[in-house]
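K.L.:
Got a structure for you, questions after.
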Amino acid sequence: MATPKPQRSPEEVEDIILRKILLVTLATPAHGADPRIIYLEMTAAEILSEGKDLRLNRDVVERVLIDRLSGEFPDAEAPFAYLLPLIFGAVDRNGFGGGGGSQPPPAGFLDELFSEADFDSLDPIFKGLYEDLRGHVIKLSALGNFQQPLAALLYLVKLPAGAKSLVNHPWWIPKGAYLNGRVIEMTSILGPFFHVSALPDHTIFKSEPDVGQHCFSEASTRRPADLLSSFTTIKTVMNNLYEGLSEVLLTLLKHADIREHVLQYLAEVINRNASRAHIQVDPISCASSGMFVSLSAVMLRLCEPFLDPHCSKIDKIDPGYVFYCNRLDLRGLTALHASSEEVAEWIKNDSSGKADINSGSGDIENRVVQSQGASSSGAKPASSGDKASYAFISECFFMTARVLNLGMLKAFSDFKHLVQFSWPFKDISRSEDTLSTLKALQEQSPSPQMQMDIARLEKELELYSQEKLCYEAQLLRDPTLIKQGLSFYRLMVVWLVSLVGGFKMPLSSTCPMEFSSMPEHFAEDAMELLIFASRVPKALDGVILDDFMNFIIMFMGSPTHIRNPYLRAKMVEVLNCWMPRGSCCICSGSSATTSLFEGHQLALKYLVRNLLKLYVDIEFTGSHTQFYDKFNIRHNIAELLEYLWQVPSHRNAWRQIAKEEEKGVYLNFLNFLINDSIYLLDESLNKILELKELEAEMSNTVEWERRPAQERQERTRLFHSQENIIRIDMKLANEDVSMLAFTSEQITVPFLLPEMVERVASMLNYFLLQLVGPQRKSLTLKDPEKYEFRPKQLLKQIVQIYVHLARGDKENIFPTAISKDGRSYNEQLFSAAADVLRRIGEDGRIIHEFVELGAKAKVAAIEEMDSEAALGEVPDEFLDPIQYTLMKDPVILPSSRITVDRPVIQRHLLSDSTDPFNRSHLTSDMLIPDVELKARIEEFIRSQHLKRHSSDDFSMQSSKASMQTTAGDMLID
């Protein structure tokens with residue numbers, strides 16, 4: 001019969017349970033006892049001295065736990081590792097997951113314990129725990145187990161004493177002479193949690209496990225399902241991190257006495273990392289992209305309560321924050337239009353800065369707990385000299401704008417450069433071409449050095465591939481993050497527009513200083529995110545784009561409101577991505593984007609006008625790269641304009657603009673379009689000749705292989721470079737010629753103005769000469785389509801332009817302009833072109849009209865020669881000093897006082913608003929008619945014609961007299 005177990009008293013049971021939970025004892029441990037149990041000898045001595053039993057019970061548990069956490073026990077676990085199972089139950093002490101350990105305490109046990117304990121006793125314990133937590137995550141990547149430390153952090157900050165202890169920790173905001181962005185990230189308590197990421201970082205701060213190696217090594221050979229699994233895993237764990245850190249900050253913000261500490265920490269992180277906005281970022285002094293992307297995601301979650309579709313809290317965002325708040329360094333940022341001196345002067349004179357700027361204050365606890373409303377982060381200033389305090393919405397809004405600029409938007413930019421460029425800024429595709437070339441050369445003439453170069457290049461490309469996929473995993477594969485960013489920037493553009501009086505056109509000619517002084521990156525980041533999102537599948541699904549469209553149309557053509565032409569050009573890039581049938585638009589052809597262009601009222605009225613204006617403005621950016629930049633920008637504008645021409649309402653608007661501003665912006669647009677067409681086609685054709693020379697070199701195999709390997713490699717690189725240049729230039733030239741062709745069919749008057757008609761004729765003649773002239777055979781390529789070179793299509797369009805202008809030429813001035821071109825005109829080109837057109841099947845009517853135009857030009861050429869002969873020697877004072885042609889409408893330039901022909905100087909002013917003789921400012925309305933000289937020129941022409949007629953009459957009379965004399969002689973004979 002079994003011996004019955006002895007009955008234990010309730011006190012003994014309580015002691016056993018608490019020993020198992022807390023892993024401590026007040027009595028000397030028995031032989032063979034659990035080695036993890038710590039003997040609290042000093043605590044036991046104190047309890048004995050008080051005459052109490054050495055048993056654990058509710059009365060002593062607080063004291064016991066504090067002594068266990070604050071004491072020094074050589075073989076004991078650190079406070080964090082010890083406390084973790086008490087918070088989360090039984091865990092594996094070697095790895096935070098499953099296995100044996102202490103038993104979970106009863107529900108609410110620790111909550112009650114910590115809430116009742118004395119803060120001074122708990123503070124050192126909390127501080128030690130926070131340091132342990134920081135140490136556990138400081139080297140973890142997204143694949144590391146950061147979840148348990150994060151959960152422990154969240155548990156601790158939910159305790160009032162824990163929250164207070166955290167923000168008073170010396171490492172909450174580290175101090176020191178060498179404090180910078182990276183130091184804050186690595187040494188502050190929260191920094192290492194934000195550092196957890198899938199994004200690559202500098203080798204010194206590299207986290208483990210290596211995400212690139214584990215998830216994306218040899219990605220080109222991996223199954224798509226494997227890559228998708230890696231993408232999903234990274235997105236999931238990062239969103240867990242974002243949610244946990246958001247809850248930590250929201251929990252801290254609930255406490256009025258802690259809120260200011262949180263805002264100070266965020267501001268310190270932002271200000272110390274301001275240089276992350278630079279193109280080149282020093283990874284030693286700046287926090288990682290991983291930290292700032294995580295902080296971006298967290299700040300967007302804090303903004304959610306006021307990112308509603310109706311922007312109902314927009315009036316709580318105080319623009320005064322930018323000018324008067326000292327928490328963030330905002331006044332030193334480049335403004336939308338105002339200079340730093342103008343901003344400083346305006347702030348100095350603005351009396352509103354001394355007024356009550358603390359509108360919309362409320363209760364922070366309500367905002368945080370209920371996720372709605374705005375609150376003040378402090379009392380309003382008593383006077384203008386006090387530090388201004390603002391509603392929480394203002395604080396959160398402007399901090400988020402700065403964090404996104406330094407974080408998510410910077411990461412997008414880094415990703416774009418990583419895709420386009422390898423270090424140090426060499427084209428990745430070029431690196432791949434180089435690798436192919438090296439492998440081909442290695443097969444022909446192997447060498448150890450070349451094999452080393454191949455291995456090095458392969459390793460570099462593998463690393464770039466891994467980094468690119470890490471960015472893709474954390475950024476592109478998280479449409480929620482992108483949509484949250486778009487929601488924020490929708491509020492941003494609506495708020496910016498409110499500073500100029502709301503969505504209405506036309507804009508005032510003067511810009512309010514509140515708008516003019518706003519940081520430029522507020523608008524630029526909105527455009528960058530839209531461009532990026534437009535290339536990510538489904539990122540724009542459900543996103544309201546109308547407000548962005550309004551913003552773009554309002555400011556794209558307004559240099560008085562947004563000074564930077566590159567920012568306004570970025571707006572065109574956004575529209576180009578949204579354009580139905582656009583090559584880069586993920587949502588191509590969707591009804592949502594179609595309605596933006598074809599049903600949007602502001603777009604129908606102002607889009608074409610502002611695009612034409614920007615096409616002109618971009619000629620003068622002030623940048624040292626403006627010459628090359630303008631072609632890329634105009635390429636986007638041209639694609640968009642070509643689409644809009646196909647929409648009847650936009651085409652009608654275009655025609656109206658050409659009629660209303662015949663000698664204004666439209667003439668400037670036409671001039672630059674012609675300039676670009678000539679330059680691009682000329683460059684392309686010259687490069688084709690150079691390319692053919694290189695082709696000939698490489699095709700001579702014997703001579704080619706005699707050259708040193710390095711020389712062959714350099715010549716091969718040059719060949720590929722020339723190919724790229726031709727392809728790009730020819731594509732742009734095709735676009736420009738195409739636009740001239742389709743617009744000239746319905747808009748001819750600007751082409752035929754005196755200052756333009758000869759320029760247009762010369763351009764067409766030059767193109768005709770290149771395409772059907774004697775050197776056309778030298779432009780033959782093996783694969784012309786590869787280089788976007790379509791000579792037949794080009795010839796068709798050139799001839800169509802000739803015919804369109806001839807149809808609109810009511811005064812018959814076009815044939816004369818064609819014939820006056822001494823550089824390229826040749827009457828035989830017209831018949832040669834007609835022969836080619838017949839062979840390629842051009843419309844017979846077009847050919848007939850083109851041949852007729854050629855005949856008229858031939859007649860005009862003969863008449864011009866007769867006219868010049870009739871004038872004889874023209875006095876120098878009657879010749880235009882630029883073109884050396886007889887002036888018809890002489891005008892005096894007000895600054896240099898030189899007289900020129902009006903059409904000639906007006907043609908010059910279309911491209912350059914300066915006096916060509918002294919570079920002083922000059923516009924058409926400043927020209928002074930030289931009435932006296934014009935009268936003398938007209939008199940000269942009249943007198944020369946009279947002399948010619950008199951001479952002709954005398955010759956005829958002499959001839960008649962001679963004939964009569966001869967006839968008389970014959971009669972006599």
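In the structure tokens, chains take the letters A, B, ... in the order shown, each chain's residues start at 1, and ligands count up from 1 in the order shown.
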Show me, as JSON, numbers by chain, the residues that have an atom within 10 Å of Thr780 (chain A) when counting only C-alpha atoms, minus same-chain residues fewer than 6 positions from it.

P.N.:
{"A": [688, 689, 692, 789, 791]}

K.L.:
I want to know what sits within 9 Å of Tyr130 (chain A), based on only C-alpha atoms, with residues of the same chain fewer than 4 positions away left out; could you give that as a list in words?

P.N.:
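Counting only the stated atoms, we get Phe80, Ile125, Phe126, Arg134, Gly135, Leu153, Leu156, Leu166, His169 and Ile189 of chain A.
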
K.L.:
I'd like the contact shell of Phe551 (chain A) - 12 Å cut-off, only C-alpha atoms, skipping same-chain residues fewer than 5 positions apart - returned as a PyMOL selection string.

P.N.:
chain A and resi 489-498+500+502-505+507+523-524+526-527+545-546+556-558+561-562+568+571-572+574-575+602-603+606-607

K.L.:
Give me a file of those residues, with N, CA, C and O atoms, as a compact mmCIF listing (two decimals), in the first residue's frame.

P.N.:
```
# COMPACT_ATOMS: atom_id res chain seq x y z
N TYR A 489 1.58 62.48 -48.27
CA TYR A 489 1.91 63.54 -49.23
C TYR A 489 0.69 64.12 -49.92
O TYR A 489 0.74 65.24 -50.42
N ARG A 490 -0.38 63.38 -49.94
CA ARG A 490 -1.64 63.97 -50.41
C ARG A 490 -2.04 65.10 -49.47
O ARG A 490 -2.41 66.20 -49.90
N LEU A 491 -1.93 64.84 -48.16
CA LEU A 491 -2.20 65.91 -47.20
C LEU A 491 -1.21 67.06 -47.39
O LEU A 491 -1.58 68.24 -47.32
N MET A 492 0.03 66.72 -47.66
CA MET A 492 1.06 67.75 -47.84
C MET A 492 0.71 68.69 -48.99
O MET A 492 0.77 69.92 -48.85
N VAL A 493 0.33 68.14 -50.16
CA VAL A 493 0.06 69.01 -51.31
C VAL A 493 -1.22 69.82 -51.09
O VAL A 493 -1.29 70.99 -51.50
N VAL A 494 -2.22 69.21 -50.47
CA VAL A 494 -3.45 69.96 -50.17
C VAL A 494 -3.14 71.10 -49.22
O VAL A 494 -3.63 72.23 -49.38
N TRP A 495 -2.30 70.84 -48.23
CA TRP A 495 -1.93 71.88 -47.26
C TRP A 495 -1.11 72.98 -47.93
O TRP A 495 -1.35 74.17 -47.69
N LEU A 496 -0.16 72.60 -48.79
CA LEU A 496 0.63 73.62 -49.50
C LEU A 496 -0.26 74.51 -50.37
O LEU A 496 -0.08 75.73 -50.41
N VAL A 497 -1.22 73.88 -51.06
CA VAL A 497 -2.13 74.65 -51.90
C VAL A 497 -2.98 75.60 -51.06
O VAL A 497 -3.31 76.71 -51.50
N SER A 498 -3.30 75.18 -49.84
CA SER A 498 -4.11 76.06 -48.98
C SER A 498 -3.36 77.35 -48.65
O SER A 498 -3.97 78.38 -48.36
N VAL A 500 -1.80 79.15 -50.74
CA VAL A 500 -1.98 80.12 -51.84
C VAL A 500 -3.46 80.35 -52.12
O VAL A 500 -3.81 80.91 -53.16
N GLY A 502 -5.98 77.86 -52.02
CA GLY A 502 -6.75 76.71 -52.48
C GLY A 502 -6.58 76.43 -53.95
O GLY A 502 -5.88 77.13 -54.68
N PHE A 503 -7.25 75.36 -54.40
CA PHE A 503 -7.15 74.91 -55.80
C PHE A 503 -7.94 75.83 -56.72
O PHE A 503 -9.14 75.67 -56.90
N LYS A 504 -7.26 76.80 -57.27
CA LYS A 504 -7.93 77.68 -58.25
C LYS A 504 -6.87 78.26 -59.18
O LYS A 504 -5.72 78.46 -58.79
N MET A 505 -7.31 78.51 -60.38
CA MET A 505 -6.42 79.04 -61.41
C MET A 505 -7.09 80.25 -62.06
O MET A 505 -8.33 80.33 -62.09
N LEU A 507 -3.05 81.29 -61.08
CA LEU A 507 -2.37 81.70 -59.86
C LEU A 507 -2.09 83.19 -59.88
O LEU A 507 -1.94 83.80 -60.94
N ALA A 523 7.56 69.45 -51.50
CA ALA A 523 6.92 69.17 -52.80
C ALA A 523 7.72 68.15 -53.60
O ALA A 523 7.14 67.27 -54.25
N GLU A 524 9.04 68.25 -53.56
CA GLU A 524 9.86 67.34 -54.36
C GLU A 524 9.69 65.90 -53.91
O GLU A 524 9.61 64.98 -54.74
N ALA A 526 7.07 64.58 -52.56
CA ALA A 526 5.77 64.10 -53.03
C ALA A 526 5.88 63.61 -54.47
O ALA A 526 5.35 62.55 -54.82
N MET A 527 6.58 64.35 -55.32
CA MET A 527 6.73 63.97 -56.72
C MET A 527 7.59 62.70 -56.85
O MET A 527 7.28 61.80 -57.64
N LEU A 545 -5.77 60.42 -56.71
CA LEU A 545 -4.71 61.16 -57.41
C LEU A 545 -5.12 62.57 -57.81
O LEU A 545 -4.28 63.35 -58.25
N ASP A 546 -6.40 62.91 -57.68
CA ASP A 546 -6.88 64.20 -58.18
C ASP A 546 -6.16 65.38 -57.55
O ASP A 546 -5.84 66.37 -58.23
N MET A 556 3.36 73.54 -62.14
CA MET A 556 4.30 73.07 -63.15
C MET A 556 4.80 74.21 -64.03
O MET A 556 5.98 74.26 -64.40
N GLY A 557 3.93 75.15 -64.37
CA GLY A 557 4.31 76.24 -65.26
C GLY A 557 4.46 77.56 -64.55
O GLY A 557 4.36 78.61 -65.20
N SER A 558 4.71 77.53 -63.24
CA SER A 558 4.77 78.78 -62.48
C SER A 558 6.11 78.99 -61.79
O SER A 558 6.29 78.64 -60.62
N HIS A 561 6.22 80.74 -58.34
CA HIS A 561 5.88 80.05 -57.10
C HIS A 561 6.90 78.96 -56.76
O HIS A 561 7.21 78.76 -55.59
N ILE A 562 7.39 78.26 -57.78
CA ILE A 562 8.42 77.24 -57.56
C ILE A 562 9.59 77.58 -58.47
O ILE A 562 9.51 77.47 -59.69
N ARG A 568 9.88 71.41 -61.16
CA ARG A 568 8.70 71.48 -62.04
C ARG A 568 8.80 70.42 -63.14
O ARG A 568 7.80 69.86 -63.56
N MET A 571 7.48 67.14 -62.02
CA MET A 571 6.02 67.03 -62.10
C MET A 571 5.60 66.44 -63.45
O MET A 571 4.65 65.66 -63.53
N VAL A 572 6.32 66.84 -64.49
CA VAL A 572 6.04 66.28 -65.82
C VAL A 572 6.36 64.79 -65.83
O VAL A 572 5.65 63.99 -66.44
N VAL A 574 6.03 62.77 -63.40
CA VAL A 574 4.90 62.10 -62.77
C VAL A 574 3.79 61.89 -63.79
O VAL A 574 3.25 60.78 -63.94
N LEU A 575 3.43 62.96 -64.49
CA LEU A 575 2.37 62.86 -65.50
C LEU A 575 2.74 61.86 -66.59
O LEU A 575 1.89 61.12 -67.09
N LEU A 602 -9.14 71.26 -64.55
CA LEU A 602 -7.92 72.07 -64.60
C LEU A 602 -6.99 71.58 -65.71
O LEU A 602 -6.35 72.37 -66.39
N ALA A 603 -6.94 70.26 -65.88
CA ALA A 603 -6.07 69.70 -66.93
C ALA A 603 -6.52 70.13 -68.30
O ALA A 603 -5.71 70.52 -69.15
N TYR A 606 -5.55 73.98 -68.61
CA TYR A 606 -4.20 74.52 -68.39
C TYR A 606 -3.05 73.57 -68.69
O TYR A 606 -1.90 74.00 -68.72
N LEU A 607 -3.31 72.28 -68.89
CA LEU A 607 -2.21 71.33 -68.98
C LEU A 607 -1.31 71.61 -70.19
O LEU A 607 -0.08 71.71 -70.06
```

K.L.:
So which one's closest to Asp414 (chain A), A:Arg897, A:Lys459, A:His278, A:His804? Using only C-alpha atoms, please.

P.N.:
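Closest candidate: A:His278.
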
K.L.:
Any chance you could list, as a PyMOL selection string, the residues in region 730-862 of chain A that come up alpha helix (DSSP H) when DSSP is run on the backbone?

P.N.:
chain A and resi 730-744+754-772+791-808+814-819+827-840+844-862

K.L.:
Kindly provide the residues of region 661-707 of chain A that approach region 728-731 of chain A to within 12 Å, each paired with its closest atom pair and their distance in Å to one decimal, based on only C-alpha atoms, listed by chain and increasing number, as CSV.

P.N.:
```
residue,atom,partner,partner_atom,distance
A:Asp676,CA,A:Asp729,CA,10.0
A:Ser677,CA,A:Met730,CA,9.6
A:Ile678,CA,A:Asp729,CA,11.0
A:Tyr679,CA,A:Asp729,CA,9.1
A:Leu680,CA,A:Asp729,CA,5.5
A:Leu681,CA,A:Met730,CA,6.4
A:Asp682,CA,A:Asp729,CA,9.4
A:Glu683,CA,A:Asp729,CA,7.3
A:Ser684,CA,A:Met730,CA,5.8
A:Leu685,CA,A:Met730,CA,8.6
A:Asn686,CA,A:Asp729,CA,11.1
A:Lys687,CA,A:Asp729,CA,9.7
A:Ile688,CA,A:Met730,CA,10.2
```

K.L.:
For the selection you just gave me, I'd like the residues written to a file as a compact mmCIF listing (two decimals), in the first residue's frame, keeping N, CA and C atoms.

P.N.:
```txt
# COMPACT_ATOMS: atom_id res chain seq x y z
N ASP A 676 16.38 71.91 -81.18
CA ASP A 676 16.67 70.57 -80.68
C ASP A 676 16.68 69.55 -81.82
N SER A 677 15.73 69.69 -82.72
CA SER A 677 15.64 68.74 -83.85
C SER A 677 16.93 68.76 -84.67
N ILE A 678 17.39 69.97 -84.97
CA ILE A 678 18.61 70.11 -85.77
C ILE A 678 19.81 69.52 -85.04
N TYR A 679 19.97 69.89 -83.79
CA TYR A 679 21.12 69.43 -83.02
C TYR A 679 21.13 67.90 -82.88
N LEU A 680 19.99 67.34 -82.49
CA LEU A 680 19.93 65.91 -82.21
C LEU A 680 20.14 65.08 -83.47
N LEU A 681 19.53 65.49 -84.57
CA LEU A 681 19.69 64.72 -85.80
C LEU A 681 21.12 64.85 -86.33
N ASP A 682 21.66 66.05 -86.23
CA ASP A 682 23.03 66.28 -86.69
C ASP A 682 24.01 65.42 -85.88
N GLU A 683 23.84 65.44 -84.53
CA GLU A 683 24.71 64.64 -83.66
C GLU A 683 24.59 63.15 -83.99
N SER A 684 23.35 62.70 -84.18
CA SER A 684 23.12 61.28 -84.46
C SER A 684 23.79 60.85 -85.74
N LEU A 685 23.62 61.65 -86.79
CA LEU A 685 24.18 61.27 -88.09
C LEU A 685 25.71 61.28 -88.06
N ASN A 686 26.28 62.26 -87.36
CA ASN A 686 27.75 62.29 -87.24
C ASN A 686 28.26 61.09 -86.45
N LYS A 687 27.54 60.72 -85.39
CA LYS A 687 27.94 59.57 -84.57
C LYS A 687 27.80 58.27 -85.37
N ILE A 688 26.85 58.20 -86.28
CA ILE A 688 26.70 57.01 -87.12
C ILE A 688 27.96 56.82 -87.97
```

K.L.:
Applying 10 Å and only C-alpha atoms, which residues near region 259-264 of chain A remain after dropping the ones on its own chain fewer than 5 positions away? List them as a PDB file with N, CA and C atoms, in the first residue's frame.

P.N.:
```pdb
ATOM      1  N   LYS A 164       8.967  56.262 -17.431  1.00  0.00           N
ATOM      2  CA  LYS A 164       9.711  57.374 -16.828  1.00  0.00           C
ATOM      3  C   LYS A 164      11.202  57.059 -16.771  1.00  0.00           C
ATOM      4  N   LEU A 166      12.860  55.066 -18.710  1.00  0.00           N
ATOM      5  CA  LEU A 166      13.456  55.047 -20.051  1.00  0.00           C
ATOM      6  C   LEU A 166      13.874  56.432 -20.503  1.00  0.00           C
ATOM      7  N   VAL A 167      12.986  57.413 -20.436  1.00  0.00           N
ATOM      8  CA  VAL A 167      13.302  58.743 -20.971  1.00  0.00           C
ATOM      9  C   VAL A 167      14.276  59.499 -20.083  1.00  0.00           C
ATOM     10  N   ASN A 168      14.514  58.993 -18.863  1.00  0.00           N
ATOM     11  CA  ASN A 168      15.513  59.618 -17.989  1.00  0.00           C
ATOM     12  C   ASN A 168      16.834  58.858 -17.997  1.00  0.00           C
ATOM     13  N   TRP A 172      19.075  57.681 -23.306  1.00  0.00           N
ATOM     14  CA  TRP A 172      17.865  58.032 -24.064  1.00  0.00           C
ATOM     15  C   TRP A 172      18.251  58.951 -25.221  1.00  0.00           C
ATOM     16  N   ILE A 173      18.942  60.041 -24.888  1.00  0.00           N
ATOM     17  CA  ILE A 173      19.604  60.879 -25.898  1.00  0.00           C
ATOM     18  C   ILE A 173      21.056  60.989 -25.470  1.00  0.00           C
ATOM     19  N   LEU A 249       6.258  54.120 -29.102  1.00  0.00           N
ATOM     20  CA  LEU A 249       6.212  55.583 -29.105  1.00  0.00           C
ATOM     21  C   LEU A 249       4.834  56.098 -28.696  1.00  0.00           C
ATOM     22  N   LEU A 250       3.777  55.464 -29.178  1.00  0.00           N
ATOM     23  CA  LEU A 250       2.432  55.892 -28.785  1.00  0.00           C
ATOM     24  C   LEU A 250       2.220  55.753 -27.289  1.00  0.00           C
ATOM     25  N   THR A 251       2.753  54.659 -26.728  1.00  0.00           N
ATOM     26  CA  THR A 251       2.631  54.450 -25.278  1.00  0.00           C
ATOM     27  C   THR A 251       3.344  55.557 -24.519  1.00  0.00           C
ATOM     28  N   LEU A 252       4.528  55.911 -24.968  1.00  0.00           N
ATOM     29  CA  LEU A 252       5.284  56.978 -24.296  1.00  0.00           C
ATOM     30  C   LEU A 252       4.581  58.326 -24.444  1.00  0.00           C
ATOM     31  N   LEU A 253       3.998  58.576 -25.608  1.00  0.00           N
ATOM     32  CA  LEU A 253       3.351  59.864 -25.865  1.00  0.00           C
ATOM     33  C   LEU A 253       2.084  60.077 -25.041  1.00  0.00           C
ATOM     34  N   LYS A 254       1.545  59.011 -24.478  1.00  0.00           N
ATOM     35  CA  LYS A 254       0.350  59.154 -23.648  1.00  0.00           C
ATOM     36  C   LYS A 254       0.631  59.973 -22.396  1.00  0.00           C
ATOM     37  N   VAL A 269      17.446  63.003 -33.462  1.00  0.00           N
ATOM     38  CA  VAL A 269      17.754  62.040 -34.520  1.00  0.00           C
ATOM     39  C   VAL A 269      17.690  62.720 -35.888  1.00  0.00           C
ATOM     40  N   ILE A 270      16.654  63.533 -36.097  1.00  0.00           N
ATOM     41  CA  ILE A 270      16.481  64.219 -37.385  1.00  0.00           C
ATOM     42  C   ILE A 270      17.603  65.221 -37.624  1.00  0.00           C
ATOM     43  N   ARG A 327      12.731  73.520 -32.620  1.00  0.00           N
ATOM     44  CA  ARG A 327      13.000  72.097 -32.381  1.00  0.00           C
ATOM     45  C   ARG A 327      13.718  71.451 -33.581  1.00  0.00           C
ATOM     46  N   LEU A 328      13.265  71.776 -34.782  1.00  0.00           N
ATOM     47  CA  LEU A 328      13.883  71.251 -35.997  1.00  0.00           C
ATOM     48  C   LEU A 328      14.614  72.365 -36.740  1.00  0.00           C
ATOM     49  N   ILE A 364      -3.477  65.441 -25.462  1.00  0.00           N
ATOM     50  CA  ILE A 364      -2.644  64.441 -26.123  1.00  0.00           C
ATOM     51  C   ILE A 364      -3.115  63.035 -25.824  1.00  0.00           C
ATOM     52  N   SER A 377       1.763  70.403 -27.496  1.00  0.00           N
ATOM     53  CA  SER A 377       2.918  69.815 -26.823  1.00  0.00           C
ATOM     54  C   SER A 377       3.438  70.764 -25.760  1.00  0.00           C
ATOM     55  N   GLY A 378       2.661  71.737 -25.412  1.00  0.00           N
ATOM     56  CA  GLY A 378       3.060  72.682 -24.376  1.00  0.00           C
ATOM     57  C   GLY A 378       2.217  73.921 -24.438  1.00  0.00           C
ATOM     58  N   PHE A 392       0.173  68.982 -31.357  1.00  0.00           N
ATOM     59  CA  PHE A 392       0.890  67.752 -31.670  1.00  0.00           C
ATOM     60  C   PHE A 392       0.833  67.450 -33.166  1.00  0.00           C
ATOM     61  N   GLU A 395       3.636  69.228 -34.806  1.00  0.00           N
ATOM     62  CA  GLU A 395       4.906  68.571 -34.479  1.00  0.00           C
ATOM     63  C   GLU A 395       5.068  67.290 -35.311  1.00  0.00           C
ATOM     64  N   CYS A 396       4.037  66.471 -35.313  1.00  0.00           N
ATOM     65  CA  CYS A 396       4.097  65.175 -35.985  1.00  0.00           C
ATOM     66  C   CYS A 396       4.214  65.339 -37.502  1.00  0.00           C
ATOM     67  N   MET A 399       7.797  66.754 -38.437  1.00  0.00           N
ATOM     68  CA  MET A 399       8.817  65.738 -38.161  1.00  0.00           C
ATOM     69  C   MET A 399       8.736  64.596 -39.171  1.00  0.00           C
TER      70      MET A 399
END
```

K.L.:
Nearest to Pro479 (chain A): which of A:Val322, A:Val616, A:Ile16, A:Ala297 is it, counting only C-alpha atoms?

P.N.:
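Checking each candidate against Pro479 (chain A), we get A:Ala297 as the closest.
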
K.L.:
Just asking: which residues within region 718-915 of chain A are strand (DSSP E) according to DSSP, as a PyMOL selection string?

P.N.:
chain A and resi 890-892+899-901

K.L.:
Of the candidates A:Leu154, A:Ala277, A:Ile905, A:Leu475, which one gets nearest to Ile234 (chain A) if we count only C-alpha atoms?

P.N.:
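When distances to Ile234 (chain A) are compared using only C-alpha atoms, the smallest one comes from A:Leu475.
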
K.L.:
Give me, as JSON, numbers by chain, all polymer residues having an atom no more than 12 Å from Asp478 (chain A), counting only C-alpha atoms and skipping those fewer than 2 positions away in the same chain.

P.N.:
{"A": [231, 232, 233, 234, 235, 236, 237, 238, 239, 293, 297, 408, 471, 472, 473, 474, 475, 476, 480, 481, 482, 483, 484, 485, 533, 536, 537, 538, 539]}

K.L.:
I'd like the contact shell of Val13 (chain A) - 10 Å cut-off, only C-alpha atoms, skipping same-chain residues fewer than 6 positions apart - returned as a ChimeraX atom specification.

P.N.:
/A:7,19,56-57

K.L.:
Keeping only all heavy atoms, write those residues as a compact mmCIF listing (two decimals), in the first residue's frame.

P.N.:
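File produced: selection.txt:
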```
# COMPACT_ATOMS: atom_id res chain seq x y z
N GLN A 7 0.84 16.31 3.77
CA GLN A 7 0.07 17.50 3.43
C GLN A 7 0.90 18.75 3.71
O GLN A 7 1.48 18.90 4.79
CB GLN A 7 -1.23 17.55 4.26
CG GLN A 7 -2.18 16.41 3.92
CD GLN A 7 -2.72 16.57 2.51
OE1 GLN A 7 -3.08 17.66 2.10
NE2 GLN A 7 -2.78 15.45 1.77
N ARG A 19 9.31 30.15 -5.61
CA ARG A 19 10.68 29.74 -5.93
C ARG A 19 10.79 29.27 -7.39
O ARG A 19 11.76 29.56 -8.08
CB ARG A 19 11.13 28.62 -4.98
CG ARG A 19 11.74 29.16 -3.69
CD ARG A 19 12.39 28.07 -2.87
NE ARG A 19 11.41 27.29 -2.11
CZ ARG A 19 11.38 25.95 -2.09
NH1 ARG A 19 12.27 25.27 -2.76
NH2 ARG A 19 10.48 25.31 -1.38
N LEU A 56 9.24 32.47 0.95
CA LEU A 56 8.77 33.48 -0.01
C LEU A 56 7.26 33.60 0.11
O LEU A 56 6.53 32.60 0.16
CB LEU A 56 9.12 33.07 -1.45
CG LEU A 56 10.62 33.02 -1.78
CD1 LEU A 56 10.82 32.51 -3.20
CD2 LEU A 56 11.26 34.39 -1.63
N ASN A 57 6.80 34.87 0.16
CA ASN A 57 5.36 35.11 0.18
C ASN A 57 5.09 36.47 -0.46
O ASN A 57 6.02 37.19 -0.84
CB ASN A 57 4.81 35.05 1.61
CG ASN A 57 5.54 36.01 2.54
OD1 ASN A 57 5.65 37.21 2.25
ND2 ASN A 57 6.08 35.50 3.66
```
